[in-house]
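This is data-v7.tsv. It holds TSV, C-alpha atoms.
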chain	number	residue	atom	x	y	z
P	131	MET	CA	1.33	9.78	-26.78
P	132	SER	CA	3.97	7.83	-24.87
P	133	THR	CA	3.19	5.30	-22.17
P	134	LEU	CA	5.17	3.99	-19.22
P	135	ILE	CA	3.97	0.69	-17.81
P	136	ILE	CA	5.25	0.09	-14.27
P	137	ILE	CA	5.81	-3.39	-12.83
P	138	ASP	CA	6.29	-3.42	-9.06
P	139	GLN	CA	5.22	-6.99	-8.35
P	140	PRO	CA	7.74	-9.85	-8.33
P	141	PRO	CA	7.47	-12.57	-11.00
P	142	TYR	CA	5.55	-15.89	-10.78
P	143	GLY	CA	3.82	-15.19	-7.43
P	144	SER	CA	1.08	-13.18	-9.13
P	145	TRP	CA	-0.21	-12.57	-12.66
P	146	GLU	CA	-0.03	-8.82	-12.48
P	147	GLY	CA	3.41	-8.53	-14.04
P	148	ARG	CA	2.44	-10.78	-16.96
P	149	GLU	CA	-0.66	-8.71	-17.54
P	150	ALA	CA	1.48	-5.57	-17.46
P	151	LEU	CA	3.73	-7.09	-20.13
P	152	ASP	CA	0.67	-7.86	-22.26
P	153	MET	CA	-0.31	-4.20	-22.03
P	154	ALA	CA	3.12	-3.07	-23.15
P	155	PHE	CA	3.28	-5.56	-26.03
P	156	SER	CA	-0.22	-4.54	-27.18
P	157	LEU	CA	0.73	-0.88	-27.32
P	158	ALA	CA	3.89	-1.77	-29.23
P	159	ALA	CA	1.89	-3.96	-31.64
P	160	PHE	CA	-0.27	-0.94	-32.47
P	161	ASP	CA	2.85	1.22	-32.96
P	162	GLN	CA	2.29	3.25	-29.79
P	163	PRO	CA	5.49	4.31	-27.99
P	164	VAL	CA	5.86	2.37	-24.74
P	165	SER	CA	8.53	1.70	-22.13
P	166	LEU	CA	8.54	-0.65	-19.17
P	167	LEU	CA	9.78	0.33	-15.73
P	168	PHE	CA	10.58	-2.28	-13.09
P	169	CYS	CA	10.71	-1.05	-9.53
P	170	GLY	CA	10.34	-2.38	-6.00
P	171	ALA	CA	10.17	-6.18	-6.00
P	172	GLY	CA	9.38	-5.95	-9.75
P	173	VAL	CA	13.12	-5.77	-10.54
P	174	ASN	CA	13.27	-9.53	-9.91
P	175	TRP	CA	11.71	-9.99	-13.37
P	176	LEU	CA	15.02	-8.90	-14.79
P	177	ARG	CA	17.40	-11.42	-13.24
P	178	LYS	CA	19.21	-13.69	-15.67
P	179	GLY	CA	18.87	-17.47	-15.37
P	180	GLN	CA	15.14	-17.87	-14.60
P	181	ASP	CA	13.64	-21.33	-15.15
P	182	ALA	CA	10.00	-21.71	-14.17
P	183	THR	CA	9.40	-25.19	-15.65
P	184	THR	CA	9.15	-26.98	-12.31
P	185	ILE	CA	6.53	-24.53	-11.03
P	186	GLN	CA	4.73	-25.06	-14.37
P	187	GLN	CA	4.85	-21.49	-15.52
P	188	LYS	CA	6.40	-19.92	-18.57
P	189	SER	CA	9.61	-18.04	-17.93
P	190	VAL	CA	9.29	-14.45	-19.04
P	191	GLU	CA	13.00	-14.03	-19.56
P	192	ARG	CA	12.75	-14.72	-23.28
P	193	ASN	CA	9.78	-12.35	-23.72
P	194	LEU	CA	11.65	-9.59	-21.95
P	195	ALA	CA	14.83	-10.17	-23.91
P	196	ALA	CA	12.75	-9.87	-27.10
P	197	ALA	CA	10.88	-6.73	-25.97
P	198	PRO	CA	12.99	-4.35	-28.09
P	199	VAL	CA	12.29	-6.50	-31.18
P	200	PHE	CA	8.55	-6.19	-30.52
P	201	GLY	CA	8.89	-2.41	-30.38
P	202	VAL	CA	9.09	-1.72	-26.63
P	203	GLU	CA	11.31	1.34	-26.53
P	204	ALA	CA	13.07	0.79	-23.21
P	205	LEU	CA	13.27	-1.63	-20.30
P	206	LEU	CA	14.13	0.43	-17.26
P	207	ALA	CA	15.08	-0.75	-13.79
P	208	ASP	CA	15.02	1.42	-10.68
P	209	ASN	CA	18.51	1.84	-9.30
P	210	LYS	CA	17.55	1.64	-5.59
P	211	ALA	CA	15.42	-1.46	-6.09
P	212	CYS	CA	18.27	-3.21	-7.93
P	213	ASP	CA	20.59	-2.41	-5.01
P	214	HIS	CA	18.01	-3.65	-2.56
P	215	TYR	CA	17.74	-7.02	-4.35
P	216	GLY	CA	21.48	-7.32	-4.95
P	217	LEU	CA	21.16	-6.96	-8.72
P	218	THR	CA	24.16	-5.54	-10.50
P	219	GLU	CA	24.27	-4.67	-14.18
P	220	GLU	CA	25.82	-8.10	-14.96
P	221	ASP	CA	22.88	-9.89	-13.29
P	222	LEU	CA	20.31	-8.10	-15.45
P	223	LEU	CA	18.93	-9.12	-18.82
P	224	ASP	CA	20.69	-7.43	-21.69
P	225	PRO	CA	18.19	-4.81	-22.87
P	226	VAL	CA	17.76	-3.28	-19.39
P	227	SER	CA	19.02	0.15	-18.44
P	228	ILE	CA	19.24	1.33	-14.84
P	229	THR	CA	17.51	4.57	-13.98
P	230	ASP	CA	16.37	6.60	-10.98
P	231	PHE	CA	12.68	6.51	-10.15
P	232	GLY	CA	11.04	9.87	-9.44
P	233	PRO	CA	8.97	12.70	-10.91
P	234	GLU	CA	11.62	13.48	-13.55
P	235	LEU	CA	11.17	10.00	-14.97
P	236	THR	CA	7.37	9.69	-14.82
P	237	SER	CA	6.83	13.19	-16.21
P	238	ARG	CA	8.60	12.19	-19.44
P	239	PHE	CA	5.50	10.12	-20.33
P	240	ASP	CA	1.95	11.16	-21.24
P	241	HIS	CA	0.43	8.10	-19.69
P	242	VAL	CA	1.73	6.09	-16.71
P	243	ALA	CA	-0.09	2.89	-15.77
P	244	PHE	CA	0.01	-0.25	-13.65
P	245	ALA	CA	-1.72	-3.48	-14.67
P	246	GLY	CA	-3.40	-3.85	-11.30
X	205	MET	CA	-9.59	34.50	-36.90
X	206	SER	CA	-7.03	35.88	-34.50
X	207	ASN	CA	-3.64	34.26	-34.24
X	208	SER	CA	-2.36	36.70	-31.70
X	209	LEU	CA	-2.30	34.39	-28.71
X	210	PRO	CA	1.24	33.13	-28.15
X	211	GLU	CA	1.60	29.36	-27.77
X	212	GLN	CA	2.76	29.42	-24.13
X	213	THR	CA	-0.38	31.12	-22.80
X	214	LYS	CA	-2.55	28.22	-23.94
X	215	THR	CA	-3.70	25.87	-21.24
X	216	PRO	CA	-5.00	22.54	-22.42
X	217	ALA	CA	-8.78	22.15	-22.32
X	218	PRO	CA	-10.01	19.99	-19.45
X	219	ALA	CA	-10.58	16.38	-20.40
X	220	GLY	CA	-14.10	15.84	-21.67
X	221	VAL	CA	-13.95	12.12	-22.30
X	222	PHE	CA	-12.94	9.44	-19.82
X	223	THR	CA	-12.09	5.76	-20.17
X	224	LEU	CA	-12.38	3.80	-16.94
X	225	VAL	CA	-10.16	0.75	-16.51
X	226	ILE	CA	-11.17	-1.43	-13.56
X	227	THR	CA	-8.55	-3.97	-12.42
X	228	GLY	CA	-9.79	-4.60	-8.86
X	229	ALA	CA	-12.35	-7.38	-8.41
X	230	PRO	CA	-15.73	-6.81	-6.77
X	231	TYR	CA	-16.00	-8.08	-3.17
X	232	SER	CA	-12.23	-8.32	-2.87
X	233	SER	CA	-11.60	-4.63	-3.53
X	234	GLN	CA	-13.42	-1.30	-3.43
X	235	ALA	CA	-12.39	-0.50	-7.02
X	236	PRO	CA	-15.72	-1.22	-8.83
X	237	GLN	CA	-17.66	0.92	-6.32
X	238	THR	CA	-15.26	3.87	-6.46
X	239	ALA	CA	-15.32	3.67	-10.25
X	240	LEU	CA	-19.13	3.66	-10.32
X	241	HIS	CA	-19.37	6.71	-8.05
X	242	PHE	CA	-16.80	8.46	-10.21
X	243	ALA	CA	-18.67	7.52	-13.40
X	244	ARG	CA	-21.97	8.91	-12.08
X	245	ALA	CA	-20.27	12.17	-11.04
X	246	ALA	CA	-18.54	12.43	-14.43
X	247	LEU	CA	-21.81	12.13	-16.36
X	248	ALA	CA	-23.44	14.65	-14.01
X	249	ALA	CA	-20.61	17.06	-14.90
X	250	ASN	CA	-21.37	16.58	-18.63
X	251	LYS	CA	-18.33	14.44	-19.26
X	252	ARG	CA	-18.53	11.47	-21.57
X	253	ILE	CA	-17.35	7.94	-20.78
X	254	ASP	CA	-16.34	6.26	-24.00
X	255	ARG	CA	-15.63	2.83	-22.54
X	256	VAL	CA	-15.31	0.80	-19.37
X	257	PHE	CA	-12.52	-1.73	-19.71
X	258	LEU	CA	-12.18	-4.63	-17.26
X	259	TYR	CA	-8.67	-6.01	-16.90
X	260	GLY	CA	-7.03	-8.63	-14.67
X	261	ASP	CA	-9.19	-9.48	-11.65
X	262	GLY	CA	-11.54	-6.67	-12.69
X	263	VAL	CA	-13.19	-9.04	-15.22
X	264	HIS	CA	-15.14	-10.66	-12.36
X	265	LEU	CA	-17.37	-7.59	-12.41
X	266	ALA	CA	-18.86	-8.90	-15.67
X	267	SER	CA	-20.08	-12.17	-14.16
X	268	SER	CA	-23.80	-12.84	-14.38
X	269	LEU	CA	-23.48	-15.44	-11.62
X	270	SER	CA	-22.24	-13.35	-8.71
X	271	THR	CA	-24.91	-13.54	-6.03
X	272	PRO	CA	-24.14	-11.45	-2.95
X	273	PRO	CA	-26.46	-11.65	0.08
X	274	SER	CA	-29.66	-9.65	-0.44
X	275	ASP	CA	-28.59	-6.87	1.94
X	276	GLU	CA	-25.43	-6.18	-0.07
X	277	LEU	CA	-25.23	-4.23	-3.31
X	278	ASN	CA	-24.99	-6.45	-6.39
X	279	LEU	CA	-22.10	-4.66	-8.07
X	280	SER	CA	-22.29	-6.50	-11.40
X	281	GLU	CA	-25.96	-5.67	-11.67
X	282	ALA	CA	-25.40	-2.04	-10.63
X	283	TRP	CA	-22.64	-1.57	-13.21
X	284	ALA	CA	-24.57	-3.35	-15.98
X	285	GLY	CA	-27.63	-1.19	-15.27
X	286	PHE	CA	-25.59	2.01	-15.28
X	287	MET	CA	-23.92	1.15	-18.60
X	288	ALA	CA	-27.19	0.15	-20.26
X	289	GLU	CA	-28.98	3.32	-19.12
X	290	ASN	CA	-26.20	5.55	-20.36
X	291	ASN	CA	-25.18	3.63	-23.46
X	292	ILE	CA	-21.62	3.09	-22.26
X	293	PRO	CA	-19.79	0.12	-23.78
X	294	GLY	CA	-18.25	-2.29	-21.29
X	295	VAL	CA	-15.45	-4.59	-22.38
X	296	ALA	CA	-13.79	-7.42	-20.46
X	297	CYS	CA	-10.27	-8.24	-21.71
X	298	ILE	CA	-10.46	-11.61	-23.42
X	299	ALA	CA	-7.16	-12.98	-22.08
X	300	SER	CA	-7.95	-11.93	-18.49
X	301	ALA	CA	-11.53	-13.20	-18.80
X	302	LEU	CA	-10.87	-16.66	-20.26
X	303	ARG	CA	-8.14	-17.38	-17.72
X	304	ARG	CA	-10.56	-16.57	-14.91
X	305	GLY	CA	-13.56	-18.48	-16.21
X	306	LEU	CA	-15.54	-15.57	-17.57
X	307	VAL	CA	-16.91	-16.46	-21.04
X	308	ASN	CA	-19.58	-15.36	-23.48
X	309	GLU	CA	-21.62	-17.65	-25.70
X	310	SER	CA	-19.24	-17.69	-28.65
X	311	GLU	CA	-16.21	-18.43	-26.45
X	312	MET	CA	-18.23	-21.19	-24.79
X	313	GLN	CA	-18.80	-22.77	-28.20
X	314	ARG	CA	-15.25	-22.20	-29.43
X	315	HIS	CA	-13.74	-23.84	-26.34
X	316	GLU	CA	-16.52	-26.44	-25.98
X	317	LEU	CA	-17.40	-25.31	-22.45
X	318	SER	CA	-20.56	-26.24	-20.56
X	319	ALA	CA	-21.86	-22.75	-19.85
X	320	PHE	CA	-21.31	-19.04	-20.34
X	321	ASN	CA	-21.61	-16.33	-17.71
X	322	LEU	CA	-20.94	-12.92	-19.25
X	323	ARG	CA	-23.49	-10.36	-18.12
X	324	ALA	CA	-24.97	-8.08	-20.80
X	325	PRO	CA	-24.14	-5.39	-21.84
X	326	PHE	CA	-20.52	-6.43	-21.18
X	327	GLU	CA	-18.64	-7.76	-24.16
X	328	ILE	CA	-15.38	-9.65	-24.49
X	329	ALA	CA	-12.61	-8.16	-26.62
X	330	GLY	CA	-8.85	-7.76	-26.79
X	331	LEU	CA	-6.45	-5.22	-25.31
X	332	GLY	CA	-6.73	-3.36	-28.61
X	333	GLU	CA	-9.84	-1.70	-27.15
X	334	TRP	CA	-7.72	-0.29	-24.32
X	335	VAL	CA	-4.98	0.76	-26.76
X	336	ASP	CA	-7.65	2.56	-28.76
X	337	SER	CA	-8.62	4.61	-25.70
X	338	ALA	CA	-5.04	5.17	-24.57
X	339	ALA	CA	-4.09	6.48	-28.02
X	340	SER	CA	-7.12	8.80	-28.21
X	341	GLU	CA	-7.82	12.11	-26.50
X	342	SER	CA	-9.64	10.23	-23.79
X	343	ARG	CA	-8.37	10.49	-20.20
X	344	VAL	CA	-7.75	6.93	-19.03
X	345	LEU	CA	-8.32	6.37	-15.32
X	346	TYR	CA	-7.42	3.14	-13.50
X	347	PHE	CA	-9.24	1.67	-10.53
X	348	HIS	CA	-6.92	-0.85	-8.86
X	349	ARG	CA	-7.35	-2.86	-5.70
X	350	GLY	CA	-6.48	-0.92	-2.57
X	351	SER	CA	-4.42	-3.53	-0.74
V	217	MET	CA	-10.14	23.42	-8.54
V	218	THR	CA	-6.41	23.51	-9.02
V	219	ARG	CA	-4.78	22.49	-12.25
V	220	PHE	CA	-1.94	20.11	-11.40
V	221	LYS	CA	0.81	18.88	-13.68
V	222	THR	CA	0.24	15.33	-12.49
V	223	LEU	CA	-2.57	14.29	-10.20
V	224	HIS	CA	-1.58	11.24	-8.16
V	225	ILE	CA	-4.53	9.12	-7.01
V	226	LEU	CA	-3.47	6.94	-4.09
V	227	ASN	CA	-5.77	4.21	-2.71
V	228	LYS	CA	-3.22	2.18	-0.73
V	229	PRO	CA	-2.59	2.27	3.05
V	230	PRO	CA	0.72	3.66	4.38
V	231	GLU	CA	2.26	0.15	4.80
V	232	HIS	CA	1.86	-0.66	1.09
V	233	ALA	CA	4.99	-0.57	-1.05
V	234	ARG	CA	3.15	1.41	-3.72
V	235	TYR	CA	2.26	4.09	-1.14
V	236	ARG	CA	5.94	4.87	-0.74
V	237	LEU	CA	6.48	4.63	-4.48
V	238	CYS	CA	3.71	7.17	-5.06
V	239	LEU	CA	5.08	9.64	-2.51
V	240	SER	CA	8.51	9.42	-4.13
V	241	ALA	CA	7.04	10.35	-7.53
V	242	ILE	CA	5.28	13.57	-6.51
V	243	GLY	CA	6.84	16.58	-8.22
V	244	PRO	CA	6.61	20.24	-7.12
V	245	GLN	CA	3.62	21.02	-9.37
V	246	ASP	CA	1.73	17.84	-8.61
V	247	GLY	CA	-1.34	17.10	-6.51
V	248	LEU	CA	-2.30	14.11	-4.40
V	249	LEU	CA	-5.80	12.71	-4.07
V	250	LEU	CA	-6.27	10.08	-1.37
V	251	THR	CA	-9.06	7.57	-1.94
V	252	GLU	CA	-10.21	4.28	-0.36
V	253	ASN	CA	-7.47	2.94	1.98
V	254	GLY	CA	-5.29	5.86	0.89
V	255	VAL	CA	-7.23	8.26	3.14
V	256	LEU	CA	-5.50	6.62	6.13
V	257	ALA	CA	-2.49	8.71	5.08
V	258	ILE	CA	-4.04	11.78	6.69
V	259	THR	CA	-3.28	10.29	10.11
V	260	GLN	CA	0.43	10.23	9.16
V	261	PRO	CA	2.97	13.00	8.65
V	262	LEU	CA	2.95	13.70	4.90
V	263	ALA	CA	5.72	15.54	3.10
V	264	ILE	CA	3.30	17.36	0.82
V	265	ASN	CA	1.83	20.82	1.14
V	266	LYS	CA	-1.79	20.77	2.36
V	267	GLU	CA	-2.94	22.89	-0.59
V	268	ARG	CA	-1.93	20.05	-2.90
V	269	CYS	CA	-3.38	17.16	-0.91
V	270	PHE	CA	-7.03	16.09	-0.93
V	271	ALA	CA	-8.96	13.16	0.48
V	272	LEU	CA	-12.22	11.71	-0.78
V	273	ALA	CA	-15.08	12.56	1.60
V	274	PRO	CA	-17.07	9.29	1.49
V	275	ASP	CA	-13.89	7.28	2.21
V	276	LEU	CA	-12.93	9.55	5.12
V	277	GLU	CA	-16.47	9.35	6.46
V	278	ALA	CA	-16.60	5.56	6.20
V	279	ARG	CA	-13.37	5.29	8.21
V	280	GLY	CA	-14.38	7.84	10.87
V	281	LEU	CA	-11.78	10.34	9.66
V	282	LEU	CA	-13.87	13.23	8.36
V	283	SER	CA	-13.13	15.40	11.42
V	284	HIS	CA	-9.37	14.78	11.06
V	285	VAL	CA	-9.07	16.87	7.88
V	286	SER	CA	-9.57	20.57	7.24
V	287	SER	CA	-12.58	21.26	5.03
V	288	ASP	CA	-10.56	22.59	2.09
V	289	GLN	CA	-8.77	19.26	1.83
V	290	ILE	CA	-11.99	17.27	1.57
V	291	ALA	CA	-12.95	16.29	-1.97
V	292	SER	CA	-16.28	14.99	-3.25
V	293	PHE	CA	-16.60	12.77	-6.32
V	294	ASP	CA	-17.54	15.95	-8.25
V	295	ASP	CA	-14.21	17.43	-7.14
V	296	MET	CA	-12.46	14.23	-8.21
V	297	VAL	CA	-13.97	14.61	-11.69
V	298	ASP	CA	-12.72	18.23	-11.86
V	299	LEU	CA	-9.26	17.38	-10.53
V	300	THR	CA	-8.79	14.52	-13.00
V	301	ALA	CA	-10.18	16.53	-15.91
V	302	LEU	CA	-7.96	19.55	-15.22
V	303	ALA	CA	-4.65	17.80	-14.50
V	304	GLU	CA	-2.23	17.39	-17.39
V	305	ASN	CA	-1.73	13.76	-16.39
V	306	VAL	CA	-3.18	11.38	-13.87
V	307	ILE	CA	-1.44	8.40	-12.26
V	308	SER	CA	-3.54	5.86	-10.33
V	309	TRP	CA	-1.25	4.08	-7.86
Output the file's structure as structure tokens, nothing else.
Amino acid sequence: MSTLIIIDQPPYGSWEGREALDMAFSLAAFDQPVSLLFCGAGVNWLRKGQDATTIQQKSVERNLAAAPVFGVEALLADNKACDHYGLTEEDLLDPVSITDFGPELTSRFDHVAFAG
Amino acid sequence: MSNSLPEQTKTPAPAGVFTLVITGAPYSSQAPQTALHFARAALAANKRIDRVFLYGDGVHLASSLSTPPSDELNLSEAWAGFMAENNIPGVACIASALRRGLVNESEMQRHELSAFNLRAPFEIAGLGEWVDSAASESRVLYFHRGS
Amino acid sequence: MTRFKTLHILNKPPEHARYRLCLSAIGPQDGLLLTENGVLAITQPLAINKERCFALAPDLEARGLLSHVSSDQIASFDDMVDLTALAENVISW
């Protein structure tokens, strides 16, 4: 049973992405294989140099950087969405790999889910 | 016992057990209504529903205080009644619920709050309940907001 | 009811970003079930074979769209139960 959690909402403006991360970390905590895919505006979670202190939120950059340590198998970013938001490989957090979104990707998982 | 059937001719049995995850809030999305219609049809087709899990804004469905006008369906009441009649456990995710002001009696005491508002038979528990369903044979279906 | 590899359940209107995301994830052996706001898609050109595309009757009816769809594309909640039970995987968009 492998799960892909998809985040397509940008960070900080809604809680959906955070709640998606919680889902992924919970699966990993129970030793269930899980990967995270960022697409659409969701790729903005992956930009280096986030600091959310002045908007009084917690930056998720550190959580995401630590995802592999917690057992999340892969952090994937959709190629087209990265292009669209001007994100190159150097702009992205270290554990992220760029991929192409489509049926070939989603069909590799038994369970594909959004947080909301 | 015959072992003559080759592996590739096997088609998986249709799912017999469903878990419904509702993430869309009542009165701001259609999700709880669509999920309830689906749940009724599933039971009528002899399927089992092992759990209803409320996540994100979906936790508002478990409020005992929602009071729609009398000519509108009370969705919390309708869902609670359906679950009680059919012995289906309903769980609101604790992290989603506490953030949004949805608490049971023990959380009220633990956090020294002035009231609690969780509607029976809903309970409050962690994401582990969802992981349990996701890792089982159960087919997990999500009901998100439609906008 | 057809047994699809992945059944995609789409409840978003055509302007929603996830609507486009869903359509880009439909493989050749997949089916599409339109629900809620998703049924508005039947007024748009859709790049999916009609035999693999269904819309939920009560949502079509509510939006005055029942007569816009051929009867074999109209699904009841009973059909939705069958479609979701038979598919290898289900994605709710």
12 Å contacts from chain P to chain X using all atoms listed in the file, as a PDB file with C-alpha atoms, keeping the file's coordinate frame:
ATOM      1  CA  MET P 131       1.330   9.780 -26.780  1.00  0.00           C
ATOM      2  CA  SER P 132       3.970   7.830 -24.870  1.00  0.00           C
ATOM      3  CA  THR P 133       3.190   5.300 -22.170  1.00  0.00           C
ATOM      4  CA  LEU P 134       5.170   3.990 -19.220  1.00  0.00           C
ATOM      5  CA  SER P 144       1.080 -13.180  -9.130  1.00  0.00           C
ATOM      6  CA  TRP P 145      -0.210 -12.570 -12.660  1.00  0.00           C
ATOM      7  CA  GLU P 146      -0.030  -8.820 -12.480  1.00  0.00           C
ATOM      8  CA  GLY P 147       3.410  -8.530 -14.040  1.00  0.00           C
ATOM      9  CA  ARG P 148       2.440 -10.780 -16.960  1.00  0.00           C
ATOM     10  CA  GLU P 149      -0.660  -8.710 -17.540  1.00  0.00           C
ATOM     11  CA  ALA P 150       1.480  -5.570 -17.460  1.00  0.00           C
ATOM     12  CA  LEU P 151       3.730  -7.090 -20.130  1.00  0.00           C
ATOM     13  CA  ASP P 152       0.670  -7.860 -22.260  1.00  0.00           C
ATOM     14  CA  MET P 153      -0.310  -4.200 -22.030  1.00  0.00           C
ATOM     15  CA  ALA P 154       3.120  -3.070 -23.150  1.00  0.00           C
ATOM     16  CA  PHE P 155       3.280  -5.560 -26.030  1.00  0.00           C
ATOM     17  CA  SER P 156      -0.220  -4.540 -27.180  1.00  0.00           C
ATOM     18  CA  LEU P 157       0.730  -0.880 -27.320  1.00  0.00           C
ATOM     19  CA  ALA P 158       3.890  -1.770 -29.230  1.00  0.00           C
ATOM     20  CA  ALA P 159       1.890  -3.960 -31.640  1.00  0.00           C
ATOM     21  CA  PHE P 160      -0.270  -0.940 -32.470  1.00  0.00           C
ATOM     22  CA  ASP P 161       2.850   1.220 -32.960  1.00  0.00           C
ATOM     23  CA  GLN P 162       2.290   3.250 -29.790  1.00  0.00           C
ATOM     24  CA  PRO P 163       5.490   4.310 -27.990  1.00  0.00           C
ATOM     25  CA  VAL P 164       5.860   2.370 -24.740  1.00  0.00           C
ATOM     26  CA  ASP P 240       1.950  11.160 -21.240  1.00  0.00           C
ATOM     27  CA  HIS P 241       0.430   8.100 -19.690  1.00  0.00           C
ATOM     28  CA  VAL P 242       1.730   6.090 -16.710  1.00  0.00           C
ATOM     29  CA  ALA P 243      -0.090   2.890 -15.770  1.00  0.00           C
ATOM     30  CA  PHE P 244       0.010  -0.250 -13.650  1.00  0.00           C
ATOM     31  CA  ALA P 245      -1.720  -3.480 -14.670  1.00  0.00           C
ATOM     32  CA  GLY P 246      -3.400  -3.850 -11.300  1.00  0.00           C
TER      33      GLY P 246
END
Problem set entry | Interface, chain V side, toward chain X (7 Å; only C-alpha atoms) as a PyMOL selection string | chain V and resi 227-228+252-253+293-294+297+301-302+308
Fewer than 3 positions away in the same chain doesn't count, so skip those; otherwise give me all residues within 9 Å of Asp254 in chain X, counting only C-alpha atoms, as an mmCIF file with C-alpha atoms, in the frame of the given file.
data_model
loop_
_atom_site.group_PDB
_atom_site.id
_atom_site.type_symbol
_atom_site.label_atom_id
_atom_site.label_comp_id
_atom_site.auth_asym_id
_atom_site.auth_seq_id
_atom_site.Cartn_x
_atom_site.Cartn_y
_atom_site.Cartn_z
ATOM 1 C CA VAL X 221 -13.950 12.120 -22.300
ATOM 2 C CA PHE X 222 -12.940 9.440 -19.820
ATOM 3 C CA THR X 223 -12.090 5.760 -20.170
ATOM 4 C CA LEU X 224 -12.380 3.800 -16.940
ATOM 5 C CA ILE X 292 -21.620 3.090 -22.260
ATOM 6 C CA PRO X 293 -19.790 0.120 -23.780
ATOM 7 C CA SER X 337 -8.620 4.610 -25.700
ATOM 8 C CA SER X 342 -9.640 10.230 -23.790
#
Exercise. Mind listing as a PyMOL selection string which residues of chain V are within 6 Å of chain P, counting only C-alpha atoms?
Worked result: chain V and resi 240-243+307
Exercise. Which is closest to Ser189 in chain P among P:Ala211, P:Leu176, P:Leu166, P:Ile228, if we use all atoms listed in the file?
Worked result: P:Leu176
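Checking V:Asn265, V:Gln260, V:Gln245, V:Ser292 one by one against Lys221 in chain V, counting only C-alpha atoms, you find the shortest gap at V:Gln245.
Relative to CA of Arg323 in chain X, CA of Leu279 in chain X is found at 11.6 Å.
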For this session: For Trp175 in chain P, list every protein, DNA or RNA residue within 9 Å, evaluated using all atoms listed in the file, and leave out those in the same chain fewer than 6 positions away; present the list as a ChimeraX atom specification.
Result: /P:137,139-142,147,168,190-191,194
Deliver the residues from the most recent selection as a file, using C-alpha atoms, as a compact mmCIF listing (two decimals), keeping the file's coordinate frame.
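Output below, filename out06.txt:
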# COMPACT_ATOMS: atom_id res chain seq x y z
CA ILE P 137 5.81 -3.39 -12.83
CA GLN P 139 5.22 -6.99 -8.35
CA PRO P 140 7.74 -9.85 -8.33
CA PRO P 141 7.47 -12.57 -11.00
CA TYR P 142 5.55 -15.89 -10.78
CA GLY P 147 3.41 -8.53 -14.04
CA PHE P 168 10.58 -2.28 -13.09
CA VAL P 190 9.29 -14.45 -19.04
CA GLU P 191 13.00 -14.03 -19.56
CA LEU P 194 11.65 -9.59 -21.95
Exercise. If you measure from CA of Leu167 in chain P to CA of Ile185 in chain P, what distance in Å do you get, rounded to one decimal?
Worked result: 25.5 Å
For this session: Can you pull out every residue within 10 Å of Thr271 in chain X, counting all atoms listed in the file, but drop anything in the same chain fewer than 5 positions away, and send it as a count of residues only?
Result: 6
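With CA of Arg192 in chain P on one side and CA of Leu222 in chain P on the other, the separation reads 12.7 Å.
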For this session: Name the residues in contact with Lys178 in chain P at a cut-off of 6 Å, using all atoms listed in the file, excluding same-chain residues fewer than 2 positions from it; report them as an NGL selection string.
Result: :P and (180 or 221-223)
Selection file, C-alpha atoms, as a CSV table (one decimal), in the coordinates of the input:
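The resulting file, again_36.csv, is shown below:
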chain,number,residue,atom,x,y,z
P,180,GLN,CA,15.1,-17.9,-14.6
P,221,ASP,CA,22.9,-9.9,-13.3
P,222,LEU,CA,20.3,-8.1,-15.4
P,223,LEU,CA,18.9,-9.1,-18.8
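Distance check against Leu299 in chain V using all atoms listed in the file: of V:Thr251, V:Thr259, V:Ser286, V:Thr218, the minimum falls on V:Thr218.
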Seminar exercise, completed: Restricting to all atoms listed in the file, whichever of V:Leu249, V:Ala291, V:Ala271, V:Ala278 is closest to Phe220 in chain V is V:Leu249
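Here the question is which of V:Met296, V:Leu239, V:Ile290, V:Ile225 gets nearest to Pro261 in chain V using all atoms listed in the file, and that residue is V:Leu239.
Proximity ranking of V:Leu223, V:Ile264, V:Ile258, V:Cys269 relative to Val285 in chain V places V:Ile258 first, based on all atoms listed in the file.
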